[in-house]
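Everything on this sheet refers to the single structure shown next.
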Amino acid sequence: MKEGYMDCILVVDLTTGRIEKRSIPPRLKEDYVGGKGFGARILYDLLPPQTWALAPENPLMFFTGPLTGTAAPSMRACVVTKSPLTGTFLDSYFGGSFGPEIKYAGYDGIIITGQAPEPVYLWIEDQKVELRPAKHLSGRDTFSTVQLIKEETRSGARVACIGPAGENQVLLALITCEYNRQAGRGGAGAVMGSKNLKAVAVYGTRGVAVRDRERFLAAVEQATQEVRTSPDTKALTESGTAASVPFASEVGLLPRLNYRYGTFTGAVELSDHGQRKHLWLKNAACTGCPIACSKVGVIRSGRYAGTVSDIVEYESAAMLGANLDIADIKAVTYLTHLCDALGLDTISAGGVAGFAMEAVERGLAEPRLNGVELKFGSPEAAEQIIRAVAHKEGFWGQLLAQGVKRAADQLGPGAEEFAVHVKGLETPAWGPRGCAGMGLAYMTADRGGCHQRGFTVTYEIGGVPWEGKQLDPLSPYGKAGMVISLQNYLAALDTFVKCDFGGFGIIPETYLNLFNSCTGRDYSLDDLYRLGERIWNTTRLFNLREGITGSQDTLPPRFVREPLPDGPGKGHRISDQDMAVMLEEYYRERGWDQDGKPLAAKLEQLKIEPHQKLFTI
Amino acid sequence: MRTIILTNFDLCTGCQICQLTCSELTTGAYNPRQALLEVLVSQDGLVHRPVVCQQCQNAYCQAVCPAGAVSLWDTIGAVVIDPDVCTGCGLCARYCPLGVIRVEPGRGARKCHLCGGDPACVKACPTGALEKVVVGRDI
């Protein structure tokens, strides 16, 4: 194999223990390339319609792309499954070294179905694949699980695992891909837990070869240069994403008090400034990444002394810090580390904690948890909530373990007013009021409230012109084209599988050079956008089939009814009228009908045949 | 004079680009595990420590090789394995104090040869954690 692929997908049925090695159907490779593409199409083909996400039939899939594990800078891999949190397609990306290791063991992906009768972990050593008992690991945090599995298998093995939250099928549970690399969003960890699968450990000795070596090396050199010289990636090398905290506060998009406000006086303390002072010791990188956005370090003094942690990246700092009105960076570092250890998504954890604190403020529920008052500004309260959620303990743990959407339904009338989510996924830390296109990006993202499918803040507020024009961030008009273009482009790169941050520096033509020289294909820029569009329509077909409707392409009441009270976007909201304008434009430009269903002509143009399965098991 | 690769572990991010580059150059495919240098991780990921062949002046690999396949390449001071003479017995790898010699069945032993004096890993390292230095007096 000399085209970036290993030409094998590992299929494991946990119910029967059957293990199969399957080649990749040529049409699948042709039309969907890898990563998100493989995931989108295979999930559509394999999952019986409207299956509950925590049922054994829901496949849990790890996919690499043709560039994963090569020297192409900053590549990753992904987990794809149906989300138990949203009921939608879910793709969640992770860096580190687990993705490349899947390829070194000889596979492009791993598909796991069924449910083991007892807790197990999957051990893959090149061609040798076995299920091992994992009862002794039950209840263990992610860090010690990784350590113990390495001791039981090989010290060089790479491990993906769940913590107690995943075992307890908490809908905010993540899959950790050591160390501090998470397939975080949408509850993939709960799916893993529902299968009684504690971990996947991989060790591989095979190499990944490319088709045209000379061209590939030249493209790697070019991409590396672009990453080294881009101001955006240089900033990430310097400070990771932590420097975005003061930026977001300045432009009024930093959530505070459960998204009520958009600015925070503690922003600098939470940023690279505070972290450099109290935490960081050095830069760390994922396999094959020259950027090294990670900053590892240790809290040296005070109550949380001895906490070894990675950078508190922007989303965690904002959601567990600003959103909860906590400015103490040491405390926020500890809370982030606690989520990592218990296996909880920090974005959703910050979302449910903010929701709980506001519910208490409004007198809607029990104000205390283990004797601690659940109030904004209290790290102790946040800690109690995180622990209770991970273990589904007591009223609060059970309520919040389902995410804010279900929690609001359960708490009763009025609670949905401050439940901040899209399609059930707690929104990330870019409150979109004052940045209309970002609102549309949230409304239409295939996995629910997500900022990574199209980040329009760069163009609407960051000062970068879009197609030569400076956009009015407040206007709902003319935003759909930008959102669609970004969604298609990023979905295409997610087949390779890119890291968002590499994409800040590497230009489209260079990605194409990497891909074409690696695979021997001859993709043009148009082909790349068409690939993304094909994926975006495939995930849309999936979501519609699972019962999602166009009426769910909407924003939570907080962003629609409540004008932002502070910052440059003060007085602004994204009204029903704004949403209608943007969505109408969006559906039309997507070639979808007024209910958001892809039209037959669009599917034909993209060569999508929904009823002809490309992959079966 | 001899050339060695100096490691500045404090600058190493653990990105493994050195290993990716080395594996591709020496085997034709990417896998850090096939590279002729290591990156060790300790203290929960706080420390990354590159380990490279020191081109020892008292080279155990050379001393234990029963076939006489290991020799000193005078021009740069690298200790190299002659693949035509190597029998693949693995003694060099077994007694390498740093564990940076690879032996795969049917392939013979492989070790760092400094890419002939211009090591690719040093060029690829994004942080300067690997440095090429020339030390000592004329041999």
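Chains: A, B, ... in order of the structure tokens. Residues: from 1 per chain. Ligands: from 1, in order shown.
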
Residues of chain B that approach chain A to 10 Å or less, counting only C-alpha atoms: could you list each one with the shortest pair of atoms and its distance in Å to one decimal, rows by chain and increasing residue number, as a Markdown table?
```
| residue | atom | partner | partner_atom | distance |
| --- | --- | --- | --- | --- |
| B:Asp10 | CA | A:Lys282 | CA | 7.9 |
| B:Leu11 | CA | A:Lys282 | CA | 7.8 |
| B:Cys12 | CA | A:Ala284 | CA | 7.7 |
| B:Thr13 | CA | A:Ala284 | CA | 4.1 |
| B:Gly14 | CA | A:Ala285 | CA | 5.8 |
| B:Cys15 | CA | A:Thr287 | CA | 4.6 |
| B:Gln16 | CA | A:Thr287 | CA | 5.6 |
| B:Ile17 | CA | A:Gly288 | CA | 5.1 |
| B:Cys18 | CA | A:Gly288 | CA | 8.9 |
| B:Gln19 | CA | A:Gly288 | CA | 9.1 |
| B:Leu20 | CA | A:Ala71 | CA | 6.1 |
| B:Thr21 | CA | A:Ala71 | CA | 7.0 |
| B:Ser23 | CA | A:Gly207 | CA | 8.2 |
| B:Glu24 | CA | A:Ala209 | CA | 8.0 |
| B:Thr27 | CA | A:Gly207 | CA | 8.2 |
| B:Gly28 | CA | A:Ala209 | CA | 6.6 |
| B:Ala29 | CA | A:Ala209 | CA | 4.4 |
| B:Tyr30 | CA | A:Val208 | CA | 4.8 |
| B:Asn31 | CA | A:Gly207 | CA | 4.9 |
| B:Pro32 | CA | A:Gly207 | CA | 8.7 |
| B:Arg33 | CA | A:Thr205 | CA | 6.6 |
| B:Gln34 | CA | A:Thr205 | CA | 7.2 |
| B:Leu40 | CA | A:Gly156 | CA | 9.7 |
| B:Gln43 | CA | A:Val308 | CA | 8.7 |
| B:Asp44 | CA | A:Val308 | CA | 7.4 |
| B:Gly45 | CA | A:Tyr179 | CA | 7.1 |
| B:Leu46 | CA | A:Val296 | CA | 6.0 |
| B:Val47 | CA | A:Lys282 | CA | 8.8 |
| B:His48 | CA | A:Ala284 | CA | 8.5 |
| B:Ala124 | CA | A:Glu221 | CA | 9.3 |
| B:Cys125 | CA | A:Pro290 | CA | 8.2 |
| B:Pro126 | CA | A:Pro290 | CA | 5.8 |
| B:Thr127 | CA | A:Pro290 | CA | 8.3 |
```

Could you write those residues out with C-alpha atoms, as a PDB file, in the first residue's frame?
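New file part-v6.pdb:
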```pdb
ATOM      1  CA  ASP B  10      13.933  21.049  27.436  1.00  0.00           C
ATOM      2  CA  LEU B  11      13.018  22.233  23.938  1.00  0.00           C
ATOM      3  CA  CYS B  12      11.452  18.945  22.811  1.00  0.00           C
ATOM      4  CA  THR B  13       7.651  19.097  22.375  1.00  0.00           C
ATOM      5  CA  GLY B  14       7.261  15.381  21.680  1.00  0.00           C
ATOM      6  CA  CYS B  15       5.998  16.066  18.142  1.00  0.00           C
ATOM      7  CA  GLN B  16       7.977  13.115  16.762  1.00  0.00           C
ATOM      8  CA  ILE B  17       8.643  14.909  13.478  1.00  0.00           C
ATOM      9  CA  CYS B  18      12.266  13.769  13.835  1.00  0.00           C
ATOM     10  CA  GLN B  19      11.098  10.160  14.036  1.00  0.00           C
ATOM     11  CA  LEU B  20       8.615  10.504  11.181  1.00  0.00           C
ATOM     12  CA  THR B  21      11.349  11.975   9.000  1.00  0.00           C
ATOM     13  CA  SER B  23      11.521   6.424   9.459  1.00  0.00           C
ATOM     14  CA  GLU B  24      10.529   7.621   6.002  1.00  0.00           C
ATOM     15  CA  THR B  27      12.443   2.581   5.539  1.00  0.00           C
ATOM     16  CA  GLY B  28      10.375   4.355   2.881  1.00  0.00           C
ATOM     17  CA  ALA B  29       7.301   4.645   5.125  1.00  0.00           C
ATOM     18  CA  TYR B  30       6.193   6.641   8.158  1.00  0.00           C
ATOM     19  CA  ASN B  31       6.188   5.085  11.636  1.00  0.00           C
ATOM     20  CA  PRO B  32       8.065   6.722  14.537  1.00  0.00           C
ATOM     21  CA  ARG B  33       8.690   3.258  15.968  1.00  0.00           C
ATOM     22  CA  GLN B  34      10.868   2.430  12.943  1.00  0.00           C
ATOM     23  CA  LEU B  40      10.764   9.179  25.775  1.00  0.00           C
ATOM     24  CA  GLN B  43       6.047  12.742  34.370  1.00  0.00           C
ATOM     25  CA  ASP B  44       2.543  12.540  32.853  1.00  0.00           C
ATOM     26  CA  GLY B  45       3.710  14.211  29.673  1.00  0.00           C
ATOM     27  CA  LEU B  46       5.633  17.034  31.348  1.00  0.00           C
ATOM     28  CA  VAL B  47       8.957  15.828  29.995  1.00  0.00           C
ATOM     29  CA  HIS B  48       9.981  14.672  26.507  1.00  0.00           C
ATOM     30  CA  ALA B 124      13.211  18.667  10.541  1.00  0.00           C
ATOM     31  CA  CYS B 125      13.098  19.484  14.262  1.00  0.00           C
ATOM     32  CA  PRO B 126      10.902  22.587  14.611  1.00  0.00           C
ATOM     33  CA  THR B 127      12.302  23.738  17.958  1.00  0.00           C
TER      34      THR B 127
END
```

Contacts of Gln398 of chain A within 8 Å, only C-alpha atoms, excl. fewer than 4 positions in-chain, as an MDAnalysis selection string: chainID A and resid 388:389 392:394 402

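DSSP, applied to the backbone of this structure, assigns strand (DSSP E) to the following residues of segment 164-386 of chain A: A:Ile175, A:Thr176, A:Cys177, A:Gln182, A:Ala183, A:Leu197, A:Lys198, A:Ala199, A:Val200, A:Ala201, A:Val202, A:Tyr203, A:Trp280, A:Leu281, A:Lys282, A:Asn283, A:Ala284, A:Ser294, A:Lys295, A:Val296, A:Gly297, A:Val298, A:Val308, A:Ser309, A:Arg368, A:Leu369, A:Val372, A:Glu373.
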
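These are the residues of segment 9-50 of chain B assigned alpha helix (DSSP H) by DSSP from backbone coordinates: Ile17, Cys18, Gln19, Leu20, Thr21, Cys22, Ser23, Glu24, Leu25, Thr26 and Thr27 of chain B.
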
Atomic distance atom CA of Ile111 of chain A - atom CA of Ile9 of chain A, expressed in Å with one decimal: 7.3 Å

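Across the model, the gap from atom CA of Trp123 of chain A to atom CA of Lys150 of chain A is 10.4 Å.
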
Close residues, Leu36 of chain B itself excluded, 8 Å, only C-alpha atoms, min 4 positions apart in chain, as a VMD selection string: chain B and resid 19 22 to 23 52 to 53 100 to 102 110 to 112

Any chance you can output those residues with C-alpha atoms as a compact mmCIF listing (two decimals), in the first residue's frame?
```txt
# COMPACT_ATOMS: atom_id res chain seq x y z
CA GLN B 19 11.10 10.16 14.04
CA CYS B 22 13.89 9.34 9.98
CA SER B 23 11.52 6.42 9.46
CA VAL B 52 19.83 9.58 19.79
CA CYS B 53 22.86 7.47 18.96
CA VAL B 100 18.49 2.95 19.47
CA ILE B 101 19.49 0.10 17.14
CA ARG B 102 16.65 -1.63 15.25
CA ARG B 110 19.93 -0.50 11.36
CA LYS B 111 21.42 2.38 13.30
CA CYS B 112 21.85 6.12 12.97
```

For segment 299-351 of chain A against segment 242-264 of chain A, with a cut-off of 12 Å and counting only C-alpha atoms, what is the closest atom pair and its distance in Å to one decimal for every residue that makes the cut, ordered by chain and number, as a Markdown table?
```
| residue | atom | partner | partner_atom | distance |
| --- | --- | --- | --- | --- |
| A:Asp310 | CA | A:Ala242 | CA | 11.5 |
| A:Ile311 | CA | A:Ala242 | CA | 7.7 |
| A:Val312 | CA | A:Ala242 | CA | 6.9 |
| A:Glu313 | CA | A:Ala242 | CA | 5.2 |
| A:Tyr314 | CA | A:Ala242 | CA | 4.9 |
| A:Glu315 | CA | A:Ala242 | CA | 8.6 |
| A:Ser316 | CA | A:Ala242 | CA | 9.3 |
| A:Ala317 | CA | A:Ala242 | CA | 7.5 |
| A:Ala318 | CA | A:Leu254 | CA | 6.8 |
| A:Met319 | CA | A:Pro255 | CA | 7.3 |
| A:Leu320 | CA | A:Arg256 | CA | 9.9 |
| A:Gly321 | CA | A:Arg256 | CA | 8.4 |
| A:Ala322 | CA | A:Arg256 | CA | 5.0 |
| A:Asn323 | CA | A:Arg256 | CA | 3.8 |
| A:Leu324 | CA | A:Leu257 | CA | 5.5 |
| A:Asp325 | CA | A:Leu257 | CA | 6.0 |
| A:Ile326 | CA | A:Arg256 | CA | 9.2 |
| A:Ala327 | CA | A:Phe264 | CA | 8.7 |
| A:Ile329 | CA | A:Ala242 | CA | 11.2 |
| A:Thr333 | CA | A:Ala242 | CA | 11.9 |
| A:Ile347 | CA | A:Pro255 | CA | 11.5 |
| A:Ser348 | CA | A:Asn258 | CA | 11.7 |
| A:Ala349 | CA | A:Asn258 | CA | 11.7 |
| A:Gly350 | CA | A:Asn258 | CA | 8.6 |
| A:Gly351 | CA | A:Asn258 | CA | 7.1 |
```

Please dump the current selection as a PDB file, in the first residue's frame; keep C-alpha atoms.
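Once everything was written out, this is result_38.pdb:
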```pdb
ATOM      1  CA  ASP A 310      -2.140  20.644  29.839  1.00  0.00           C
ATOM      2  CA  ILE A 311      -3.043  24.169  28.775  1.00  0.00           C
ATOM      3  CA  VAL A 312      -6.520  25.246  29.781  1.00  0.00           C
ATOM      4  CA  GLU A 313      -7.493  25.917  26.180  1.00  0.00           C
ATOM      5  CA  TYR A 314      -9.962  28.637  25.270  1.00  0.00           C
ATOM      6  CA  GLU A 315     -13.169  26.634  25.463  1.00  0.00           C
ATOM      7  CA  SER A 316     -12.371  25.158  28.876  1.00  0.00           C
ATOM      8  CA  ALA A 317     -11.147  28.477  30.279  1.00  0.00           C
ATOM      9  CA  ALA A 318     -14.283  30.211  29.035  1.00  0.00           C
ATOM     10  CA  MET A 319     -16.873  27.569  29.939  1.00  0.00           C
ATOM     11  CA  LEU A 320     -15.508  26.483  33.332  1.00  0.00           C
ATOM     12  CA  GLY A 321     -14.132  29.943  34.080  1.00  0.00           C
ATOM     13  CA  ALA A 322     -15.888  33.009  32.658  1.00  0.00           C
ATOM     14  CA  ASN A 323     -19.237  31.312  32.122  1.00  0.00           C
ATOM     15  CA  LEU A 324     -19.321  30.351  35.798  1.00  0.00           C
ATOM     16  CA  ASP A 325     -17.891  33.735  36.862  1.00  0.00           C
ATOM     17  CA  ILE A 326     -14.699  32.096  38.140  1.00  0.00           C
ATOM     18  CA  ALA A 327     -11.501  34.071  37.520  1.00  0.00           C
ATOM     19  CA  ILE A 329      -6.965  30.206  36.901  1.00  0.00           C
ATOM     20  CA  THR A 333      -7.108  24.380  35.763  1.00  0.00           C
ATOM     21  CA  ILE A 347     -17.712  22.634  27.177  1.00  0.00           C
ATOM     22  CA  SER A 348     -20.852  20.735  28.099  1.00  0.00           C
ATOM     23  CA  ALA A 349     -19.766  20.496  31.743  1.00  0.00           C
ATOM     24  CA  GLY A 350     -19.454  24.294  31.870  1.00  0.00           C
ATOM     25  CA  GLY A 351     -22.816  24.497  30.119  1.00  0.00           C
TER      26      GLY A 351
END
```

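Using only C-alpha atoms, the nearest neighbour of Arg387 of chain A within the list A:Met438, A:Gly163, A:Lys195, A:Thr307 is A:Gly163.
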
Segment 608-612 of chain A environment, 10 Å, only C-alpha atoms, sequence neighbours closer than 3 positions dropped, as a VMD selection string: chain A and resid 31 41 44 to 45 534 to 535 537 to 538 541 to 542 600 602 to 605 615

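Using only C-alpha atoms, the contacts of Cys61 of chain B at a cut-off of 7 Å, with sequence neighbours closer than 5 positions omitted, comprise Val70, Cys92, Tyr95 and Cys96 of chain B.
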
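Nearest residue to Lys198 of chain A among A:Glu238, A:Glu167, A:Glu3, A:Glu269 is A:Glu167, counting only C-alpha atoms.
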
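With atom CA of Glu416 of chain A on one side and atom CA of Glu373 of chain A on the other, the separation reads 22.3 Å.
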
Shortest interatomic distance to Asp91 of chain A - which of A:Thr51, A:Gln275, A:Thr554, A:Thr495, counting only C-alpha atoms: A:Thr495

Selection near Leu130 of chain B, 7 Å with only C-alpha atoms, sequence-local residues under 4 positions removed, as a list in words: Ile5, Leu6, Thr7, Asn8, Val122 and Cys125 of chain B

Please produce a file of those selected residues containing N, CA and C atoms, as a JSON list (two decimals), in the first residue's frame.
```json
[["chain", "number", "residue", "atom", "x", "y", "z"],
["B", 5, "ILE", "N", 24.80, 14.31, 17.39],
["B", 5, "ILE", "CA", 23.54, 15.05, 17.54],
["B", 5, "ILE", "C", 23.35, 15.33, 19.03],
["B", 6, "LEU", "N", 23.33, 16.61, 19.35],
["B", 6, "LEU", "CA", 23.13, 17.03, 20.73],
["B", 6, "LEU", "C", 21.62, 17.15, 20.98],
["B", 7, "THR", "N", 21.16, 16.66, 22.12],
["B", 7, "THR", "CA", 19.72, 16.77, 22.41],
["B", 7, "THR", "C", 19.48, 17.81, 23.50],
["B", 8, "ASN", "N", 18.56, 18.72, 23.21],
["B", 8, "ASN", "CA", 18.13, 19.72, 24.20],
["B", 8, "ASN", "C", 16.73, 19.33, 24.64],
["B", 122, "VAL", "N", 17.65, 16.55, 12.48],
["B", 122, "VAL", "CA", 18.03, 17.88, 12.98],
["B", 122, "VAL", "C", 17.38, 18.96, 12.13],
["B", 125, "CYS", "N", 13.55, 19.11, 12.91],
["B", 125, "CYS", "CA", 13.10, 19.48, 14.26],
["B", 125, "CYS", "C", 12.65, 20.95, 14.29]]
```

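Restricting the calculation to only C-alpha atoms, the smallest distance between Cys56 of chain B and any of B:Pro83, B:Pro105, B:Gly77, B:Gly117 is found for B:Gly77.
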
Shell around segment 12-27 of chain A at 7 Å using only C-alpha atoms, local window under 2 positions removed, as a VMD selection string: chain A and resid 7 to 10 29 to 31 111 to 117 614

Counting only C-alpha atoms, the residue of A:Thr427, A:Ser517, A:Thr64, A:Thr145 that sits nearest Met443 of chain A: A:Thr427
